[in-house]
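All remarks here apply to the structure that follows.
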Amino acid sequence: MNLQVNGEWREVRAGDLAAALAELGFADAVLATAVNGQFVPAPERGAAALAEGDRLEILAPMQGG
């Protein structure tokens with residue numbers, strides 16, 4: 001299915017957010033995630049089903065000043 005990931009369209013085979021993160025290379029990263037503008041806590045990502053055209057936002061904390 002096609003998902004918008006951080007503003008770019010990507011083809012993803014995963015059916016839930018946790019699997020999509022793994023497929024996109026973010027499996028072990030510390031992240032904040034949202035689907036269609038709704039924050040999804042890490043423990044709930046496996047239950048967050050995805051559908052064609054969903055918008056994913058994936059944010060990673062950065063260090064520095």
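Residue names in the structure tokens use chain letters A, B, ... in the order shown, residue numbers from 1 in each chain, and ligand numbers from 1 in the order shown.
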
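If you count only C-alpha atoms and ignore residues fewer than 6 places along the chain from Glu57 in chain A, what sits within 9 Å of it is A:Gln4, A:Val5, A:Asn6, A:Gly7, A:Ala32, A:Thr33, A:Ala34, A:Val35, A:Asn36, A:Gly37, A:Phe39.
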
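Of the residues in chain A, those that DSSP places in helix (DSSP H, G or I) on the basis of the backbone are A:Leu17, A:Ala18, A:Ala19, A:Ala20, A:Leu21, A:Ala22, A:Glu23, A:Ala42, A:Pro43, A:Glu44, A:Arg45, A:Gly46, A:Ala47.
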
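Among the candidates A:Ala22, A:Leu3, A:Leu31, A:Leu17, the one nearest to Gly53 in chain A when counting only C-alpha atoms is A:Leu3.
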
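Pairwise distance (CA of Ala14 in chain A, CA of Met62 in chain A) equals 26.9 Å.
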
>> Here is a test: counting only C-alpha atoms, which residue of A:Ala18, A:Leu24, A:Ala29, A:Leu59 is nearest to Pro43 in chain A?
In response: A:Ala18

> If we count only C-alpha atoms, what is near Gly15 in chain A at a cut-off of 9 Å, once residues fewer than 6 positions away on the same chain are taken out, given as a ChimeraX atom specification?
Replying inline: /A:1,48-51

Selection above as a file: C-alpha atoms, as a PDB file, in the first residue's frame:
ATOM      1  CA  MET A   1       0.000   0.000   0.000  1.00  0.00           C
ATOM      2  CA  ALA A  48      -2.287   0.504  14.968  1.00  0.00           C
ATOM      3  CA  ALA A  49      -3.628  -0.807  11.656  1.00  0.00           C
ATOM      4  CA  LEU A  50      -2.651   1.062   8.507  1.00  0.00           C
ATOM      5  CA  ALA A  51      -4.715   1.751   5.398  1.00  0.00           C
TER       6      ALA A  51
END

>> Can you measure CA of Arg55 in chain A to CA of Phe26 in chain A for me? One decimal in Å is fine.
In response: 16.3 Å

Taking the DSSP assignment computed from this structure's backbone, write out as a compact mmCIF listing (two decimals) with C-alpha atoms, in the first residue's frame all residues of chain A that belong to strand (DSSP E).
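Written file, out-v6.txt:
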# COMPACT_ATOMS: atom_id res chain seq x y z
CA ASN A 2 1.07 3.61 -0.47
CA LEU A 3 1.66 5.61 2.68
CA GLN A 4 2.88 9.15 3.12
CA VAL A 5 5.93 8.90 5.40
CA GLU A 8 7.05 11.41 0.98
CA TRP A 9 4.99 8.64 -0.62
CA ARG A 10 6.38 5.17 0.08
CA GLU A 11 5.23 1.69 -0.91
CA ALA A 32 7.79 9.33 18.35
CA THR A 33 5.14 8.26 15.85
CA ALA A 34 1.81 9.54 14.59
CA VAL A 35 -0.71 8.17 12.10
CA GLN A 38 -2.74 11.11 16.03
CA PHE A 39 0.15 10.25 18.36
CA VAL A 40 0.70 6.47 18.69
CA ARG A 55 0.05 9.68 6.75
CA LEU A 56 2.88 8.57 9.04
CA GLU A 57 5.08 10.96 10.96
CA ILE A 58 8.26 9.48 12.40
CA LEU A 59 10.35 11.72 14.65

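Between CA of Ala47 in chain A and CA of Ala27 in chain A lies a distance of 15.5 Å.
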